[in-house]
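As stored in query.tsv (TSV, C-alpha atoms and all ligand atoms):
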```tsv
chain	number	residue	atom	x	y	z
Z	1	MET	CA	102.89	121.45	85.61
Z	2	ASN	CA	102.57	122.36	89.28
Z	3	LEU	CA	103.59	120.03	92.07
Z	4	THR	CA	100.04	118.89	92.82
Z	5	GLU	CA	99.71	117.70	89.22
Z	6	VAL	CA	103.08	115.98	89.43
Z	7	TYR	CA	101.87	114.21	92.56
Z	8	LYS	CA	98.71	112.98	90.85
Z	9	GLN	CA	100.88	111.32	88.20
Z	10	CYS	CA	103.04	109.66	90.85
Z	11	PHE	CA	100.19	108.45	93.08
Z	12	GLU	CA	100.43	104.66	93.47
Z	13	PRO	CA	96.85	103.44	92.96
Z	14	GLN	CA	97.54	99.87	94.13
Z	15	LEU	CA	97.98	101.09	97.71
Z	16	LYS	CA	95.02	102.76	99.40
Z	17	GLY	CA	93.50	103.14	102.84
Z	18	ARG	CA	94.99	102.06	106.14
Z	19	TYR	CA	95.35	98.31	105.66
Z	20	VAL	CA	98.53	97.76	103.69
Z	21	CYS	CA	100.39	94.46	103.99
Z	22	ALA	CA	102.54	92.08	101.93
Z	23	LYS	CA	99.74	90.96	99.61
Z	24	HIS	CA	99.08	94.59	98.61
Z	25	LEU	CA	102.75	95.25	97.91
Z	26	SER	CA	103.49	92.02	96.08
Z	27	PRO	CA	102.33	93.02	92.54
Z	28	ILE	CA	104.48	96.15	92.76
Z	29	LEU	CA	107.45	94.28	94.21
Z	30	ASN	CA	107.14	91.58	91.53
Z	31	GLU	CA	107.53	94.23	88.85
Z	32	LEU	CA	110.52	95.74	90.63
Z	33	GLU	CA	112.09	92.31	91.06
Z	34	LYS	CA	111.86	91.78	87.29
Z	35	LYS	CA	113.71	95.07	86.82
Z	36	GLY	CA	116.27	93.98	89.38
Z	37	THR	CA	115.62	96.87	91.79
Z	38	ALA	CA	113.83	94.81	94.46
Z	39	THR	CA	115.30	91.79	96.23
Z	40	VAL	CA	114.52	89.72	99.30
Z	41	LEU	CA	116.64	90.93	102.19
Z	42	GLY	CA	115.58	88.38	104.77
Z	43	PHE	CA	112.58	86.91	106.56
Z	44	SER	CA	110.22	87.82	109.38
Z	45	GLU	CA	109.57	85.69	112.47
Z	46	GLU	CA	106.72	84.00	110.58
Z	47	GLY	CA	108.92	83.45	107.53
Z	48	LEU	CA	107.48	86.16	105.29
Z	49	PRO	CA	109.99	87.80	102.94
Z	50	ILE	CA	111.22	91.30	103.79
Z	51	HIS	CA	112.19	93.19	100.65
Z	52	GLN	CA	114.59	95.94	99.87
Z	53	ILE	CA	114.26	98.35	96.96
Z	54	SER	CA	117.36	100.09	95.62
Z	55	PHE	CA	117.65	103.32	93.71
Z	56	GLY	CA	120.64	105.35	92.58
Z	57	LYS	CA	124.36	104.75	92.35
Z	58	GLY	CA	125.78	107.75	94.16
Z	59	PRO	CA	128.14	108.04	97.11
Z	60	LYS	CA	125.56	109.28	99.66
Z	61	ARG	CA	123.82	106.25	101.14
Z	62	VAL	CA	120.35	106.60	102.63
Z	63	LEU	CA	118.61	103.82	104.54
Z	64	ILE	CA	114.81	104.12	104.75
Z	65	TRP	CA	112.43	101.71	106.47
Z	66	SER	CA	108.67	101.85	106.83
Z	67	GLN	CA	106.05	99.86	108.74
Z	68	MET	CA	108.36	98.75	111.50
Z	69	HIS	CA	105.01	99.11	113.27
Z	70	GLY	CA	102.68	96.91	111.24
Z	71	ASN	CA	99.60	99.13	111.39
Z	72	GLU	CA	101.45	102.30	110.36
Z	73	SER	CA	101.08	102.20	106.60
Z	74	THR	CA	100.85	105.85	105.50
Z	75	THR	CA	104.57	106.33	104.97
Z	76	THR	CA	104.70	103.10	102.95
Z	77	LYS	CA	102.11	104.53	100.55
Z	78	ALA	CA	104.10	107.77	100.33
Z	79	LEU	CA	107.33	105.87	99.72
Z	80	PHE	CA	105.86	104.14	96.66
Z	81	ASP	CA	104.48	107.47	95.36
Z	82	PHE	CA	108.02	108.83	95.75
Z	83	LEU	CA	109.48	105.82	93.98
Z	84	ASN	CA	107.11	106.46	91.05
Z	85	PHE	CA	108.39	110.04	90.96
Z	86	LEU	CA	111.95	108.75	90.68
Z	87	GLN	CA	111.06	106.33	87.88
Z	88	GLN	CA	108.65	108.37	85.74
Z	89	ASN	CA	109.20	111.03	83.16
Z	90	ASN	CA	108.24	114.36	84.70
Z	91	PRO	CA	109.44	117.97	84.65
Z	92	TYR	CA	111.94	117.08	87.38
Z	93	SER	CA	113.90	114.53	85.33
Z	94	LYS	CA	117.09	116.61	85.51
Z	95	GLN	CA	116.92	116.80	89.31
Z	96	VAL	CA	116.15	113.09	89.50
Z	97	GLN	CA	119.17	112.32	87.34
Z	98	ASN	CA	121.42	114.36	89.64
Z	99	PHE	CA	119.89	112.64	92.64
Z	100	GLU	CA	120.49	109.22	91.10
Z	101	GLU	CA	124.15	110.06	90.57
Z	102	SER	CA	124.65	111.51	94.04
Z	103	HIS	CA	122.61	109.10	96.20
Z	104	THR	CA	122.06	105.39	96.77
Z	105	LEU	CA	118.75	104.60	98.46
Z	106	LEU	CA	118.08	101.35	100.25
Z	107	MET	CA	114.38	101.20	101.11
Z	108	ILE	CA	112.70	98.57	103.24
Z	109	PRO	CA	109.03	99.32	102.60
Z	110	LEU	CA	107.63	96.72	104.99
Z	111	LEU	CA	109.93	95.79	107.86
Z	112	ASN	CA	107.19	94.10	109.88
Z	113	PRO	CA	105.09	92.07	107.42
Z	114	ASP	CA	103.64	89.84	110.16
Z	115	GLY	CA	102.31	92.80	112.15
Z	116	ALA	CA	101.07	94.44	108.96
Z	117	ALA	CA	98.99	91.35	108.07
Z	118	LEU	CA	97.42	91.36	111.54
Z	119	TYR	CA	97.17	95.18	111.60
Z	120	THR	CA	99.13	95.36	114.86
Z	121	ARG	CA	101.88	97.70	115.99
Z	122	GLU	CA	103.98	94.77	117.25
Z	123	ASN	CA	105.33	91.79	115.30
Z	124	SER	CA	103.85	88.28	115.49
Z	125	ASN	CA	105.52	87.67	118.88
Z	126	GLY	CA	103.94	90.80	120.33
Z	127	VAL	CA	107.27	92.64	120.39
Z	128	ASP	CA	107.48	96.36	119.63
Z	129	LEU	CA	110.43	96.39	117.20
Z	130	ASN	CA	111.11	100.00	118.09
Z	131	ARG	CA	112.01	98.92	121.64
Z	132	ASP	CA	114.25	96.09	120.48
Z	133	ALA	CA	117.22	98.04	119.11
Z	134	LEU	CA	119.63	96.88	121.84
Z	135	LEU	CA	118.34	93.42	122.68
Z	136	LEU	CA	117.71	92.36	119.05
Z	137	THR	CA	115.42	89.55	120.15
Z	138	GLN	CA	113.47	89.51	116.86
Z	139	ALA	CA	114.41	88.51	113.31
Z	140	GLU	CA	113.17	91.87	111.96
Z	141	SER	CA	115.36	93.83	114.42
Z	142	ARG	CA	118.44	91.77	113.59
Z	143	LEU	CA	117.81	92.25	109.89
Z	144	LEU	CA	117.61	96.03	110.20
Z	145	ARG	CA	120.77	96.09	112.34
Z	146	LYS	CA	122.63	93.97	109.80
Z	147	VAL	CA	121.63	96.27	106.95
Z	148	PHE	CA	122.70	99.28	109.02
Z	149	GLU	CA	126.12	97.74	109.66
Z	150	THR	CA	126.79	96.53	106.13
Z	151	PHE	CA	125.24	99.37	104.11
Z	152	LYS	CA	126.80	102.03	106.40
Z	153	PRO	CA	124.23	104.77	105.65
Z	154	HIS	CA	124.99	108.50	105.84
Z	155	LEU	CA	121.32	109.15	106.64
Z	156	CYS	CA	118.49	107.06	108.09
Z	157	LEU	CA	114.74	107.68	107.77
Z	158	ASN	CA	112.55	105.92	110.32
Z	159	LEU	CA	108.97	106.09	109.04
Z	160	HIS	CA	105.87	105.86	111.25
Z	161	ASP	CA	102.25	106.91	111.86
Z	162	GLN	CA	101.01	108.71	114.97
Z	163	ARG	CA	97.57	108.63	116.58
Z	164	THR	CA	94.86	111.24	116.01
Z	165	ILE	CA	95.26	112.54	119.60
Z	166	TYR	CA	98.28	114.63	118.67
Z	167	GLY	CA	97.86	118.35	118.17
Z	168	LEU	CA	99.88	121.54	118.40
Z	169	HIS	CA	99.57	124.84	120.23
Z	170	THR	CA	98.34	126.30	116.93
Z	171	GLY	CA	95.05	124.52	117.76
Z	172	LYS	CA	95.53	122.28	114.74
Z	173	PRO	CA	96.23	118.57	114.49
Z	174	ALA	CA	99.83	117.40	114.12
Z	175	THR	CA	99.52	116.24	110.51
Z	176	ILE	CA	103.22	115.43	110.23
Z	177	SER	CA	105.66	115.35	113.13
Z	178	PHE	CA	109.41	114.97	112.96
Z	179	LEU	CA	112.15	114.21	115.40
Z	180	ALA	CA	115.90	114.38	115.23
Z	181	PRO	CA	116.28	111.80	118.02
Z	182	ALA	CA	118.68	112.47	120.86
Z	183	ALA	CA	121.99	110.60	120.89
Z	184	ASP	CA	122.45	110.75	124.67
Z	185	GLU	CA	120.61	111.38	127.95
Z	186	SER	CA	121.48	115.07	127.95
Z	187	ARG	CA	120.00	115.43	124.46
Z	188	SER	CA	123.07	117.27	123.24
Z	189	VAL	CA	123.32	118.47	119.66
Z	190	THR	CA	125.84	115.99	118.29
Z	191	ASP	CA	127.11	116.28	114.70
Z	192	SER	CA	124.66	113.67	113.43
Z	193	ARG	CA	121.77	115.19	115.34
Z	194	ARG	CA	122.61	118.61	113.96
Z	195	ASP	CA	122.52	117.23	110.41
Z	196	ALA	CA	119.11	115.67	111.08
Z	197	MET	CA	117.82	118.97	112.54
Z	198	VAL	CA	118.92	120.88	109.45
Z	199	LEU	CA	116.94	118.49	107.25
Z	200	VAL	CA	113.85	118.60	109.50
Z	201	ALA	CA	113.93	122.41	109.48
Z	202	LYS	CA	114.08	122.31	105.68
Z	203	MET	CA	111.12	119.93	105.33
Z	204	ASN	CA	109.09	121.93	107.85
Z	205	HIS	CA	109.78	125.12	105.92
Z	206	PHE	CA	108.60	123.57	102.68
Z	207	LEU	CA	105.53	121.93	104.21
Z	208	GLN	CA	104.18	125.19	105.66
Z	209	GLN	CA	102.75	126.08	102.25
Z	210	TRP	CA	100.60	122.92	102.33
Z	211	ILE	CA	99.84	122.48	106.01
Z	212	PRO	CA	100.56	125.75	107.84
Z	213	GLY	CA	100.72	125.25	111.61
Z	214	GLN	CA	100.29	121.47	111.27
Z	215	VAL	CA	103.88	120.29	111.45
Z	216	GLY	CA	105.05	119.18	114.87
Z	217	ARG	CA	108.10	118.02	116.73
Z	218	TYR	CA	108.17	114.81	118.73
Z	219	ASP	CA	109.40	114.46	122.29
Z	220	ASP	CA	113.19	113.94	122.33
Z	221	THR	CA	113.65	111.93	125.51
Z	222	PHE	CA	116.55	109.56	124.87
Z	223	ASN	CA	115.80	105.83	124.77
Z	224	GLU	CA	118.53	103.65	123.36
Z	225	ASN	CA	116.08	100.78	122.82
Z	226	CYS	CA	114.46	102.90	120.10
Z	227	VAL	CA	116.10	102.31	116.75
Z	228	GLY	CA	116.38	106.00	115.81
Z	229	ASP	CA	118.09	106.90	119.08
Z	230	TYR	CA	120.44	103.95	118.73
Z	231	PHE	CA	121.47	104.85	115.17
Z	232	GLN	CA	121.85	108.51	116.09
Z	233	LYS	CA	124.15	107.46	118.94
Z	234	GLN	CA	126.28	105.54	116.44
Z	235	GLY	CA	126.80	108.86	114.64
Z	236	THR	CA	124.42	108.39	111.70
Z	237	PRO	CA	121.98	111.29	111.18
Z	238	THR	CA	118.53	109.80	111.70
Z	239	ILE	CA	115.09	111.34	111.27
Z	240	LEU	CA	111.81	110.06	112.65
Z	241	PHE	CA	108.74	110.78	110.51
Z	242	GLU	CA	105.26	110.51	112.04
Z	243	ALA	CA	102.29	110.74	109.70
Z	244	GLY	CA	99.29	112.09	111.60
Z	245	HIS	CA	95.76	113.34	111.17
Z	246	TYR	CA	94.60	115.83	108.58
Z	247	GLN	CA	91.04	117.19	108.61
Z	248	GLY	CA	88.64	114.36	107.68
Z	249	ASP	CA	91.46	112.16	106.42
Z	250	TYR	CA	91.01	108.94	108.40
Z	251	GLU	CA	92.23	106.89	105.43
Z	252	ARG	CA	95.40	109.04	105.45
Z	253	GLU	CA	95.35	109.68	101.74
Z	254	LYS	CA	95.99	113.43	102.09
Z	255	VAL	CA	98.85	113.15	104.55
Z	256	ARG	CA	100.50	110.66	102.22
Z	257	GLU	CA	100.67	113.46	99.65
Z	258	PHE	CA	102.27	115.85	102.16
Z	259	LEU	CA	104.87	113.20	103.01
Z	260	PHE	CA	105.68	112.97	99.31
Z	261	TYR	CA	106.38	116.71	99.28
Z	262	ALA	CA	108.54	116.29	102.39
Z	263	PHE	CA	110.68	113.68	100.59
Z	264	LEU	CA	111.12	116.03	97.62
Z	265	ALA	CA	112.25	118.83	99.92
Z	266	LEU	CA	114.51	116.56	101.96
Z	267	PHE	CA	116.45	115.43	98.89
Z	268	ASP	CA	116.54	118.84	97.17
Z	269	LEU	CA	114.40	117.57	94.30
Z	270	VAL	CA	112.45	120.82	94.59
Z	271	ALA	CA	113.95	124.21	95.35
Z	272	VAL	CA	113.69	125.00	99.05
Z	273	PRO	CA	115.03	128.33	100.28
Z	274	GLU	CA	117.90	128.19	102.75
Z	275	VAL	CA	116.70	127.97	106.36
Z	276	PRO	CA	118.82	130.37	108.41
Z	277	GLN	CA	119.72	129.34	111.96
Z	278	PHE	CA	118.62	125.72	111.73
Z	279	LEU	CA	118.66	125.17	115.50
Z	280	VAL	CA	116.30	128.10	116.08
Z	281	ALA	CA	114.16	126.91	113.16
Z	282	TYR	CA	114.10	123.35	114.49
Z	283	GLU	CA	113.18	124.42	118.00
Z	284	ALA	CA	110.52	126.79	116.65
Z	285	ILE	CA	108.58	123.78	115.35
Z	286	PRO	CA	105.83	123.30	117.94
Z	287	GLU	CA	106.01	120.24	120.17
Z	288	ASN	CA	103.30	117.61	119.92
Z	289	ASN	CA	100.68	117.59	122.66
Z	290	LYS	CA	97.78	115.23	123.25
Z	291	GLN	CA	94.93	117.72	123.08
Z	292	PHE	CA	92.81	116.04	120.37
Z	293	ARG	CA	90.12	113.40	120.43
Z	294	ASP	CA	88.21	112.14	117.41
Z	295	VAL	CA	84.81	113.40	118.57
Z	296	LEU	CA	83.82	115.78	121.37
Z	297	LEU	CA	80.18	116.10	122.31
Z	298	ARG	CA	79.85	119.25	124.40
Z	299	ASN	CA	77.25	119.94	127.09
Z	300	ALA	CA	75.45	116.61	127.28
Z	301	GLN	CA	73.16	116.10	130.24
Z	302	ILE	CA	73.45	112.60	131.64
Z	303	ASN	CA	71.66	111.64	134.81
Z	304	SER	CA	71.23	115.37	135.58
Z	305	VAL	CA	74.98	116.04	135.26
Z	306	MET	CA	76.21	118.37	132.50
Z	307	GLN	CA	79.36	117.00	130.90
Z	308	ASP	CA	81.42	116.74	127.75
Z	309	LEU	CA	81.96	113.35	126.12
Z	310	ALA	CA	85.23	112.49	124.37
Z	311	ILE	CA	85.04	109.67	121.84
Z	312	GLN	CA	88.05	107.95	120.33
Z	313	TYR	CA	87.94	105.53	117.41
Z	314	THR	CA	89.63	102.16	117.70
Z	315	GLU	CA	90.77	100.69	114.40
Z	316	VAL	CA	89.55	97.15	113.88
Z	317	LEU	CA	90.50	94.94	110.94
Z	318	GLN	CA	87.41	93.30	109.47
Z	319	ASN	CA	87.27	91.54	106.08
Z	320	ASP	CA	90.44	93.25	104.88
Z	321	LYS	CA	89.12	96.70	105.75
Z	322	ILE	CA	89.63	98.94	108.73
Z	323	GLN	CA	86.50	99.78	110.72
Z	324	TRP	CA	86.51	102.71	113.10
Z	325	VAL	CA	84.79	101.65	116.32
Z	326	PRO	CA	83.83	104.51	118.66
Z	327	ILE	CA	84.86	104.11	122.31
Z	328	LEU	CA	83.93	106.48	125.12
Z	329	ASP	CA	87.34	107.80	126.11
Z	330	GLU	CA	86.51	110.34	128.81
Z	331	ALA	CA	83.57	112.23	130.29
Z	332	GLY	CA	83.48	115.37	132.42
Z	333	GLN	CA	84.66	118.97	132.05
Z	334	LEU	CA	86.88	118.60	128.99
Z	335	ARG	CA	87.60	122.22	128.05
Z	336	HIS	CA	91.31	121.36	127.65
Z	337	LEU	CA	90.50	118.96	124.80
Z	338	LYS	CA	89.59	119.60	121.19
Z	339	GLY	CA	87.65	117.33	118.85
Z	340	HIS	CA	88.39	116.70	115.20
Z	341	LEU	CA	84.58	116.79	115.17
Z	342	GLU	CA	82.76	118.82	117.82
Z	343	MET	CA	79.02	119.04	118.48
Z	344	ASP	CA	77.23	121.18	121.06
Z	345	LEU	CA	74.32	119.26	122.58
Z	346	GLU	CA	73.18	122.45	124.39
Z	347	GLY	CA	72.28	120.66	127.61
Z	348	HIS	CA	70.05	118.06	125.99
Z	349	LYS	CA	69.45	114.89	128.00
Z	350	VAL	CA	71.13	111.90	126.37
Z	351	LEU	CA	71.26	108.12	126.76
Z	352	ILE	CA	74.44	106.25	125.82
Z	353	ASN	CA	73.71	102.69	124.63
Z	354	SER	CA	70.22	103.24	126.16
Z	355	TYR	CA	71.66	103.95	129.63
Z	356	GLU	CA	71.42	107.12	131.65
Z	357	ASN	CA	75.04	106.67	132.69
Z	358	VAL	CA	78.58	106.84	131.30
Z	359	PHE	CA	80.85	103.83	130.97
Z	360	VAL	CA	84.36	104.91	130.06
Z	361	ASN	CA	86.28	102.57	127.69
Z	362	GLU	CA	83.06	101.04	126.39
Z	363	LYS	CA	82.06	100.81	122.77
Z	364	ILE	CA	79.37	103.29	121.83
Z	365	SER	CA	76.54	101.85	119.76
Z	366	THR	CA	73.99	104.63	120.10
Z	367	ILE	CA	73.56	108.06	121.63
Z	368	TRP	CA	69.91	108.97	122.01
Z	369	ASP	CA	68.99	112.63	122.41
Z	370	LYS	CA	65.99	112.45	124.76
Z	371	THR	CA	65.22	116.14	124.41
Z	372	SER	CA	65.02	116.18	120.59
Z	373	LYS	CA	63.97	112.51	120.38
Z	374	LYS	CA	66.56	111.49	117.78
Z	375	TYR	CA	69.84	109.60	117.51
Z	376	ILE	CA	72.99	111.69	117.46
Z	377	LYS	CA	75.01	110.87	114.36
Z	378	PHE	CA	78.70	111.56	114.73
Z	379	GLN	CA	80.43	109.05	112.46
Z	401	ZN	ZN	105.38	103.76	115.02
```
Now, as a test, write the supplied structure out as structure tokens.
Ligand SMILES: [Zn+2]
Amino acid sequence: MNLTEVYKQCFEPQLKGRYVCAKHLSPILNELEKKGTATVLGFSEEGLPIHQISFGKGPKRVLIWSQMHGNESTTTKALFDFLNFLQQNNPYSKQVQNFEESHTLLMIPLLNPDGAALYTRENSNGVDLNRDALLLTQAESRLLRKVFETFKPHLCLNLHDQRTIYGLHTGKPATISFLAPAADESRSVTDSRRDAMVLVAKMNHFLQQWIPGQVGRYDDTFNENCVGDYFQKQGTPTILFEAGHYQGDYEREKVREFLFYAFLALFDLVAVPEVPQFLVAYEAIPENNKQFRDVLLRNAQINSVMQDLAIQYTEVLQNDKIQWVPILDEAGQLRHLKGHLEMDLEGHKVLINSYENVFVNEKISTIWDKTSKKYIKFQ
């Protein structure tokens, strides 16, 4: 059985799409609670339970949290796929057994249940929990800090999603980005940061077979208010994961699979060749840039001016589903940008929302091609 087939068996069908909150997790958590592997760790600002899932009984402790940003659900889906891998019979049972004896995982799959319900980055008080590591103004931040101090992890995984704007100098989208956060202003390679870099280099190496040229490295400016930077400064190796865009994958069901492979590589559950010179390998991972937009319409003629139109989707929660609403992001000479979808309008005259004008930051309902006399379909 190859790894793709193994993944299909581990795929958690109860979690799909972008909107994942407590009500979606609860049937799975109920089952785990019956088995005694899931417990309530504490409560959110709105009083929703925040769960932990445990696995393993080994000496190496790993703390993993997902959806600290409520609308960043991809890593949560991947985490449950990974959990299925650890609990099912598969050709890797021997490796799983070794892992179980060597590691203890403490997973918080939904740190921000209030934000997840509302599909917002912030919690119910509008606070970005990833800027609250020092002040600890929010219940969710205090809970994570308490777990960090009592569990005393040897490794932390800080799981997130990134926007579709991120790309790499390879000309491809940043499908997964990593960061071994800095532990100080000078971004020195401390012991814990070095350990995190080694692991990132290993995951990158393994992922190249699935997404060549689509693994990126996040900006390492130090900010102690960010949880990863704070934990790294305390001497605990910490890795930031950012799930990003893969071709056509707005529901982020493909990238979830690649994250699953990253977890297997990270924990040596699959054989990954030794990465020589980890620092060189880490720094060779291309840095994220912001070159992508969702849609680029090239060479549109509006009010006698030839210009490119960049369109960016805003995610809106409607009836428990995410709708992608197109917004005009930028207009002009946009050669420096790339579109996940690009169309050449070849100088045709167009009307946006029936106007012969451009209104940046406005929702786009229609684009009428006056020259060909038809609507331009881009969604
Ligand atoms: Zn985030």
Nearest to ligand ZN 401 (chain Z): which of Z:Ala271, Z:Leu129, Z:Leu143, Z:Leu179 is it, counting only C-alpha atoms and all ligand atoms? Z:Leu129
Between CA of Thr190 (chain Z) and CA of Phe263 (chain Z), distance in Å (one decimal): 23.4 Å
May I have the residues at most 8 Å from (103.2, 111.6, 101.2) in the file's coordinates, counting only C-alpha atoms, as a list in words? Thr74, Thr75, Lys77, Ala78, Leu79, Asp81, Phe82, Lys254, Val255, Arg256, Glu257, Phe258, Leu259, Phe260, Tyr261, Ala262 and Phe263 of chain Z
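Take CA of Asp320 (chain Z) and CA of His69 (chain Z): the distance between them is 17.8 Å.
Among the candidates Z:Gln52, Z:Gln88, Z:Gln214, Z:Asn158, the one nearest to ligand ZN 401 (chain Z) when counting all atoms listed in the file is Z:Asn158.
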Which residues, written as a list in words, have at least one atom at most 7 Å from Asn299 (chain Z), with all atoms listed in the file counted and residues fewer than 3 positions away on the same chain left out? Met306, Gln307, Asp308, Asp344, Leu345, Glu346 and Gly347 of chain Z
Using only C-alpha atoms, find each residue of region 182-249 of chain Z with at least one atom at most 12 Å away from an atom of region 61-65 of chain Z; report its shortest atom-to-atom pair and that distance in Å (one decimal), sort the rows by chain and rising residue number, and return the result as a tab-separated table.
```
residue	atom	partner	partner_atom	distance
Z:Val227	CA	Z:Trp65	CA	10.9
Z:Gly228	CA	Z:Trp65	CA	11.0
Z:Phe231	CA	Z:Leu63	CA	11.1
Z:Thr236	CA	Z:Val62	CA	10.1
Z:Pro237	CA	Z:Val62	CA	9.9
Z:Thr238	CA	Z:Leu63	CA	9.3
Z:Ile239	CA	Z:Ile64	CA	9.7
Z:Leu240	CA	Z:Ile64	CA	10.3
Z:Phe241	CA	Z:Trp65	CA	10.6
```
Taking only C-alpha atoms and all ligand atoms into account, which residues are within 7 Å of ligand ZN 401 (chain Z), as a CSV table (one decimal) with C-alpha atoms, in the coordinates of the input?
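Listed below is the output, out.csv:
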```csv
chain,number,residue,atom,x,y,z
Z,68,MET,CA,108.4,98.8,111.5
Z,69,HIS,CA,105.0,99.1,113.3
Z,72,GLU,CA,101.4,102.3,110.4
Z,160,HIS,CA,105.9,105.9,111.2
Z,161,ASP,CA,102.2,106.9,111.9
Z,162,GLN,CA,101.0,108.7,115.0
```
